[in-house]
Structures are given as structure tokens and as C-alpha cells.
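Pasting final24.txt here (compact mmCIF, C-alpha atoms):
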# COMPACT_ATOMS: atom_id res chain seq x y z
CA MET A 1 74.12 53.69 115.21
CA GLU A 2 77.57 54.43 113.79
CA ASN A 3 78.00 58.00 114.99
CA GLN A 4 76.52 59.42 118.15
CA PRO A 5 74.43 62.52 117.31
CA THR A 6 76.34 65.62 118.38
CA SER A 7 73.63 68.27 118.14
CA ALA A 8 69.99 68.67 119.12
CA VAL A 9 69.12 68.68 115.41
CA GLU A 10 70.96 65.40 114.86
CA ARG A 11 69.29 63.90 117.94
CA ARG A 12 65.89 64.93 116.51
CA LEU A 13 66.80 63.30 113.19
CA ALA A 14 67.77 60.13 115.11
CA GLU A 15 64.37 60.19 116.85
CA LEU A 16 62.84 60.20 113.35
CA GLY A 17 64.99 57.20 112.44
CA LEU A 18 67.38 59.24 110.31
CA GLU A 19 71.12 59.82 110.36
CA LEU A 20 73.16 62.42 108.54
CA PRO A 21 75.08 60.80 105.70
CA GLU A 22 78.50 61.70 104.41
CA VAL A 23 78.21 64.66 102.04
CA ALA A 24 77.69 63.43 98.50
CA ALA A 25 80.60 64.20 96.21
CA PRO A 26 79.68 66.75 93.54
CA VAL A 27 78.90 65.26 90.12
CA ALA A 28 80.15 68.43 88.33
CA ALA A 29 82.08 71.66 89.02
CA TYR A 30 80.48 73.03 92.20
CA VAL A 31 80.58 72.79 95.98
CA PRO A 32 77.86 71.10 98.08
CA ALA A 33 77.20 74.24 100.18
CA LEU A 34 78.43 77.82 100.37
CA VAL A 35 78.23 80.43 103.13
CA SER A 36 77.35 84.03 102.26
CA GLY A 37 76.90 86.33 105.24
CA ASN A 38 74.65 84.54 107.70
CA LEU A 39 73.07 82.33 105.03
CA VAL A 40 74.19 78.96 103.76
CA HIS A 41 73.04 77.90 100.31
CA THR A 42 73.15 74.27 99.31
CA SER A 43 73.59 72.96 95.83
CA GLY A 44 70.79 70.77 94.62
CA GLN A 45 70.85 67.50 96.55
CA LEU A 46 69.78 64.20 95.04
CA PRO A 47 68.25 61.44 97.18
CA PHE A 48 71.43 59.40 97.51
CA ILE A 49 71.36 56.70 100.17
CA LYS A 50 74.83 55.25 100.83
CA GLY A 51 76.03 56.58 97.48
CA GLU A 52 73.17 55.10 95.44
CA LEU A 53 69.97 56.50 93.97
CA PRO A 54 67.16 54.25 95.23
CA ALA A 55 64.99 55.12 92.22
CA THR A 56 65.30 56.76 88.84
CA GLY A 57 62.82 58.02 86.30
CA LYS A 58 59.84 60.32 86.09
CA VAL A 59 57.28 60.86 88.79
CA GLY A 60 53.86 59.88 87.49
CA ALA A 61 55.37 57.39 85.02
CA GLY A 62 57.42 54.74 86.78
CA VAL A 63 58.04 56.54 90.08
CA ASP A 64 55.11 56.66 92.48
CA PRO A 65 54.41 60.14 93.96
CA VAL A 66 54.40 58.72 97.51
CA ALA A 67 57.83 57.19 96.96
CA ALA A 68 59.01 60.47 95.41
CA LYS A 69 57.82 62.36 98.52
CA GLU A 70 60.04 60.09 100.64
CA LEU A 71 62.93 60.75 98.26
CA ALA A 72 62.40 64.50 98.70
CA ALA A 73 62.79 64.02 102.47
CA THR A 74 66.05 62.16 101.80
CA CYS A 75 67.21 65.11 99.67
CA ALA A 76 66.53 67.43 102.63
CA VAL A 77 68.59 65.23 104.96
CA ASN A 78 71.41 65.27 102.42
CA ALA A 79 71.14 69.08 102.26
CA LEU A 80 71.46 69.24 106.05
CA ALA A 81 74.64 67.17 105.78
CA ALA A 82 75.98 69.67 103.23
CA ILE A 83 75.10 72.54 105.59
CA LYS A 84 76.87 70.83 108.48
CA SER A 85 79.97 70.45 106.31
CA VAL A 86 80.35 74.25 106.10
CA ILE A 87 78.97 75.53 109.44
CA GLY A 88 80.05 72.64 111.67
CA ASP A 89 76.97 72.40 113.92
CA LEU A 90 73.36 72.19 112.76
CA ASP A 91 72.23 73.76 116.04
CA ARG A 92 73.53 77.04 114.59
CA ILE A 93 70.59 77.06 112.13
CA THR A 94 68.08 79.69 113.20
CA ARG A 95 65.69 79.41 110.24
CA ILE A 96 65.16 77.44 107.06
CA VAL A 97 64.62 80.35 104.67
CA LYS A 98 63.88 78.70 101.32
CA VAL A 99 63.38 75.29 99.78
CA VAL A 100 63.53 74.79 96.03
CA GLY A 101 62.42 71.39 94.83
CA PHE A 102 62.60 69.93 91.35
CA VAL A 103 60.50 66.95 90.31
CA SER A 104 61.32 65.01 87.15
CA SER A 105 57.75 64.75 85.93
CA ASP A 106 55.72 62.90 83.37
CA PRO A 107 54.05 65.63 81.27
CA SER A 108 50.66 64.76 82.77
CA PHE A 109 51.88 64.88 86.40
CA THR A 110 50.86 68.02 88.32
CA GLY A 111 51.50 66.96 91.92
CA GLN A 112 54.93 68.55 92.37
CA PRO A 113 53.92 70.43 95.57
CA GLY A 114 52.87 67.16 97.22
CA VAL A 115 56.19 65.54 96.34
CA ILE A 116 58.25 68.43 97.72
CA ASN A 117 56.13 68.35 100.89
CA GLY A 118 58.40 65.44 101.82
CA ALA A 119 61.27 67.89 102.29
CA SER A 120 59.11 70.60 103.84
CA GLU A 121 57.44 68.29 106.35
CA LEU A 122 60.78 66.79 107.39
CA LEU A 123 62.24 70.26 108.01
CA GLY A 124 59.17 71.21 110.03
CA SER A 125 59.51 68.04 112.12
CA VAL A 126 63.18 68.75 112.79
CA PHE A 127 63.17 72.54 113.30
CA GLY A 128 59.59 73.30 114.38
CA GLU A 129 58.58 76.90 113.66
CA ALA A 130 62.13 77.68 112.46
CA GLY A 131 61.55 75.10 109.72
CA ALA A 132 58.70 77.09 108.13
CA HIS A 133 60.04 78.41 104.83
CA ALA A 134 59.33 79.94 101.45
CA ARG A 135 59.29 77.34 98.68
CA SER A 136 59.15 76.54 95.00
CA ALA A 137 58.14 73.14 93.62
CA VAL A 138 59.03 72.86 89.94
CA GLY A 139 58.32 70.13 87.42
CA VAL A 140 61.17 69.45 85.02
CA ALA A 141 61.80 67.12 82.09
CA VAL A 142 64.87 65.40 83.55
CA LEU A 143 67.30 65.71 86.45
CA PRO A 144 70.94 64.66 86.85
CA LEU A 145 71.50 60.89 86.81
CA ASP A 146 67.75 60.51 86.01
CA SER A 147 66.91 61.28 89.65
CA PRO A 148 63.18 61.73 90.32
CA VAL A 149 63.75 64.67 92.70
CA GLU A 150 66.33 67.27 93.67
CA VAL A 151 66.14 69.73 96.59
CA GLU A 152 68.19 72.76 97.53
CA LEU A 153 67.98 74.78 100.76
CA VAL A 154 68.83 78.22 102.03
CA ALA A 155 69.28 78.35 105.82
CA GLU A 156 70.05 81.23 108.16
CA PHE A 157 72.52 80.57 110.96
CA SER A 158 74.19 82.39 113.83
Please re-express this file's structure in C-alpha cells.
Amino acid sequence: MENQPTSAVERRLAELGLELPEVAAPVAAYVPALVSGNLVHTSGQLPFIKGELPATGKVGAGVDPVAAKELAATCAVNALAAIKSVIGDLDRITRIVKVVGFVSSDPSFTGQPGVINGASELLGSVFGEAGAHARSAVGVAVLPLDSPVEVELVAEFS
């Protein structure tokens, strides 16, 4: 492992076989995360792994829903990296407040909630009860860079 986990949250991610990546550089005019009061809002995070999208296209037509669920979990990890970049320590998170997930969907695909469960289940595994959140799972025609999924988070911190 390149970096030793510095927080309980990062140690839990390591137990799950995951490591926080470098924060993805914005692909347009925005910041990856922004603090307002005791909330941090992330921009939509794509499932980049080492700077690359592991899959592109529409879920239900070329991208398998099970693979898309795994990509949604990757988006959540990338969102945690964005949060860390502005609050410094993920142990400061007291609650995941909201998850918004977008699924680039074939018109016949209606399983968006199952895909975004990848992000929700990961957050539950990492934060326990504090990972329970409100959520939207939205099917869309296309996402940036033809990504199959995009996830944004709102987290409360102290």
C-alpha cells in the first residue's frame, strides 16, 4: 500500500480493499468539493480509477448493471477523496446526509436504484449508521465523458 491510512475511515476503506485516490481534476469550471457551514458538498464524481474511466456507455445497453453498481461505489470513494481535500480528515464526518446518483441509461433500463446502491452500500459499510442517507437515483441520457454513472455527496462534519 502506497500511503498508510491516517484515519479510522481510511483504515475501514483499506479493510474493504480500497484506497483513497488523488482527487480527480475537474473537467470544467468547478471545484471538487465545497464547504458551507458544517456541510461539505461534492461535485459529481465519475468512476475514475488512476485517471481512467474503466467503462463507458449506457447501463442496460453495453454496460452491465452489476458492473455499473461497482462503478457507483468507485464514485463514492472518489467523493470521499474530494471531501478529504477540503476538510482534511474523514474522521470529522458525522453523517452522510445525501447521495445523488446519475445513471446513463438505455431507455428501457429502470434499475437505477440498484446501480446507485453501490455507493449507498459502500457508505454504509464505511460509516455504519452515520452512512444512512437520503438519496436520489436518476436515469439520464448521457453523462460527461460517456461515463455510465456519476455520484455526488453531501456530508455533515464537525
Can you pull out every residue within 12 Å of Val66 in chain A, counting all atoms listed in the file, but drop anything in the same chain fewer than 6 positions away, and send it as a ChimeraX atom specification? /A:59-60,72-73,111-118,148
Exercise: Thr6 in chain A partners within 12 Å, all atoms listed in the file, chain neighbours under 6 positions left out, as a ChimeraX atom specification: /A:12-14,19-20,84,88-91
Quick one: residues within 9 Å of Thr110 in chain A, all atoms listed in the file counted, chain neighbours fewer than 4 positions away excluded, as an NGL selection string? :A and (60 or 105-106 or 139)
Given all atoms listed in the file as the basis, pick out the residue of A:Val99, A:Ala24, A:Ala137, A:Val86 nearest to Ser36 in chain A.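 Residue with the minimum atom-to-atom distance to Ser36 in chain A: A:Val86.
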Give me the residues near Gly37 in chain A as a PyMOL selection string, where near means some atom within 10 Å (using only C-alpha atoms) and where sequence neighbours in that chain fewer than 4 positions away do not count. chain A and resi 156-158
What separation in Å, quoted to one decimal, exists between CA of Val149 in chain A and CA of Leu71 in chain A?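 Taking CA of Val149 in chain A and CA of Leu71 in chain A, their separation equals 6.9 Å.
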Please provide as a list in words all residues within 12 Å of Leu18 in chain A, with the sequence filter that same-chain residues fewer than 4 positions apart are discarded (counting only C-alpha atoms).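 Answer for this query is Met1, Glu2, Asn3, Pro5, Val9, Glu10, Arg11, Arg12, Leu13, Ala14, Ile49, Ala73, Thr74, Ala76, Val77, Asn78, Leu80, Ala81, Leu122, Ser125 and Val126 of chain A.
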d(CA of Val100 in chain A, CA of Glu15 in chain A) in Å: 25.4 Å
I'd like the interatomic distance between CA of Ser147 in chain A and CA of Lys58 in chain A, to a tenth of an Å. 8.0 Å
From the options A:Ala119, A:Val23, A:Ala29, A:Ile83, which residue's atoms come nearest to Glu70 in chain A, counting all atoms listed in the file? A:Ala119
Across A:Gly17, A:Pro26, A:Gly101, A:Gly57, the smallest distance to Glu152 in chain A, with only C-alpha atoms counted, is shown by A:Gly101
Compare A:Leu46, A:Leu123, A:Val40, A:Ile96 by their minimum atom-to-atom distance to Ala25 in chain A, counting only C-alpha atoms, and give me the closest one.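 So, comparing all the options, the nearest one is A:Leu46.
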From the list A:Ala61, A:Ala55, A:Ala79, A:Ile93, which residue is nearest Val151 in chain A when using all atoms listed in the file? A:Ala79
Could you extract range 109-121 of chain A of the given structure into a file holding all heavy atoms, as a CSV table (one decimal), in the first residue's frame?
chain,number,residue,atom,x,y,z
A,109,PHE,N,-34.0,0.7,-19.6
A,109,PHE,CA,-33.4,0.4,-18.3
A,109,PHE,C,-34.1,1.1,-17.1
A,109,PHE,O,-34.2,2.4,-17.2
A,109,PHE,CB,-31.9,0.6,-18.2
A,109,PHE,CG,-31.2,0.2,-17.0
A,109,PHE,CD1,-31.1,-1.1,-16.6
A,109,PHE,CD2,-30.8,1.2,-16.0
A,109,PHE,CE1,-30.5,-1.5,-15.4
A,109,PHE,CE2,-30.2,0.8,-14.9
A,109,PHE,CZ,-30.0,-0.5,-14.5
A,110,THR,N,-34.6,0.4,-16.1
A,110,THR,CA,-35.3,1.0,-15.0
A,110,THR,C,-34.6,0.7,-13.6
A,110,THR,O,-35.2,0.9,-12.6
A,110,THR,CB,-36.8,0.6,-15.0
A,110,THR,OG1,-36.9,-0.8,-14.9
A,110,THR,CG2,-37.5,1.1,-16.2
A,111,GLY,N,-33.4,0.1,-13.6
A,111,GLY,CA,-32.8,-0.3,-12.4
A,111,GLY,C,-31.8,0.7,-11.8
A,111,GLY,O,-30.9,0.3,-11.1
A,112,GLN,N,-32.1,2.0,-12.0
A,112,GLN,CA,-31.2,3.0,-11.4
A,112,GLN,C,-30.9,2.8,-9.9
A,112,GLN,O,-29.8,3.0,-9.5
A,112,GLN,CB,-31.7,4.4,-11.8
A,112,GLN,CG,-31.6,4.7,-13.2
A,112,GLN,CD,-32.8,4.2,-14.0
A,112,GLN,OE1,-33.8,3.7,-13.5
A,112,GLN,NE2,-32.7,4.4,-15.4
A,113,PRO,N,-32.0,2.6,-9.1
A,113,PRO,CA,-31.8,2.4,-7.7
A,113,PRO,C,-30.8,1.3,-7.3
A,113,PRO,O,-29.9,1.5,-6.5
A,113,PRO,CB,-33.2,2.2,-7.1
A,113,PRO,CG,-34.1,2.8,-8.1
A,113,PRO,CD,-33.4,2.6,-9.4
A,114,GLY,N,-30.8,0.2,-8.0
A,114,GLY,CA,-29.9,-0.9,-7.8
A,114,GLY,C,-28.5,-0.5,-8.1
A,114,GLY,O,-27.6,-0.9,-7.4
A,115,VAL,N,-28.3,0.3,-9.2
A,115,VAL,CA,-27.0,0.7,-9.5
A,115,VAL,C,-26.4,1.6,-8.4
A,115,VAL,O,-25.3,1.4,-8.0
A,115,VAL,CB,-27.0,1.4,-10.9
A,115,VAL,CG1,-25.6,2.1,-11.2
A,115,VAL,CG2,-27.3,0.5,-12.0
A,116,ILE,N,-27.2,2.6,-8.0
A,116,ILE,CA,-26.7,3.6,-7.0
A,116,ILE,C,-26.6,2.9,-5.6
A,116,ILE,O,-25.8,3.5,-4.8
A,116,ILE,CB,-27.6,4.8,-7.0
A,116,ILE,CG1,-27.6,5.5,-8.4
A,116,ILE,CG2,-27.1,5.9,-6.0
A,116,ILE,CD1,-26.2,5.8,-9.0
A,117,ASN,N,-27.2,1.8,-5.4
A,117,ASN,CA,-26.9,1.0,-4.2
A,117,ASN,C,-25.4,0.8,-4.0
A,117,ASN,O,-25.0,0.6,-2.9
A,117,ASN,CB,-27.7,-0.3,-4.2
A,117,ASN,CG,-29.1,-0.2,-3.7
A,117,ASN,OD1,-29.5,0.9,-3.2
A,117,ASN,ND2,-29.9,-1.2,-3.9
A,118,GLY,N,-24.7,0.7,-5.1
A,118,GLY,CA,-23.2,0.5,-5.0
A,118,GLY,C,-22.6,1.6,-4.1
A,118,GLY,O,-21.8,1.3,-3.2
A,119,ALA,N,-23.0,2.8,-4.3
A,119,ALA,CA,-22.5,3.9,-3.5
A,119,ALA,C,-23.1,3.9,-2.1
A,119,ALA,O,-22.4,4.0,-1.1
A,119,ALA,CB,-22.8,5.3,-4.1
A,120,SER,N,-24.4,3.7,-2.0
A,120,SER,CA,-25.0,3.6,-0.7
A,120,SER,C,-24.5,2.5,0.2
A,120,SER,O,-24.3,2.7,1.4
A,120,SER,CB,-26.5,3.5,-0.9
A,120,SER,OG,-27.1,4.6,-1.5
A,121,GLU,N,-24.3,1.3,-0.4
A,121,GLU,CA,-23.9,0.2,0.4
A,121,GLU,C,-22.4,0.4,0.9
A,121,GLU,O,-22.1,0.1,2.0
A,121,GLU,CB,-24.0,-1.1,-0.4
A,121,GLU,CG,-25.5,-1.5,-0.6
A,121,GLU,CD,-25.7,-2.6,-1.6
A,121,GLU,OE1,-24.7,-3.2,-2.1
A,121,GLU,OE2,-26.9,-2.9,-1.8
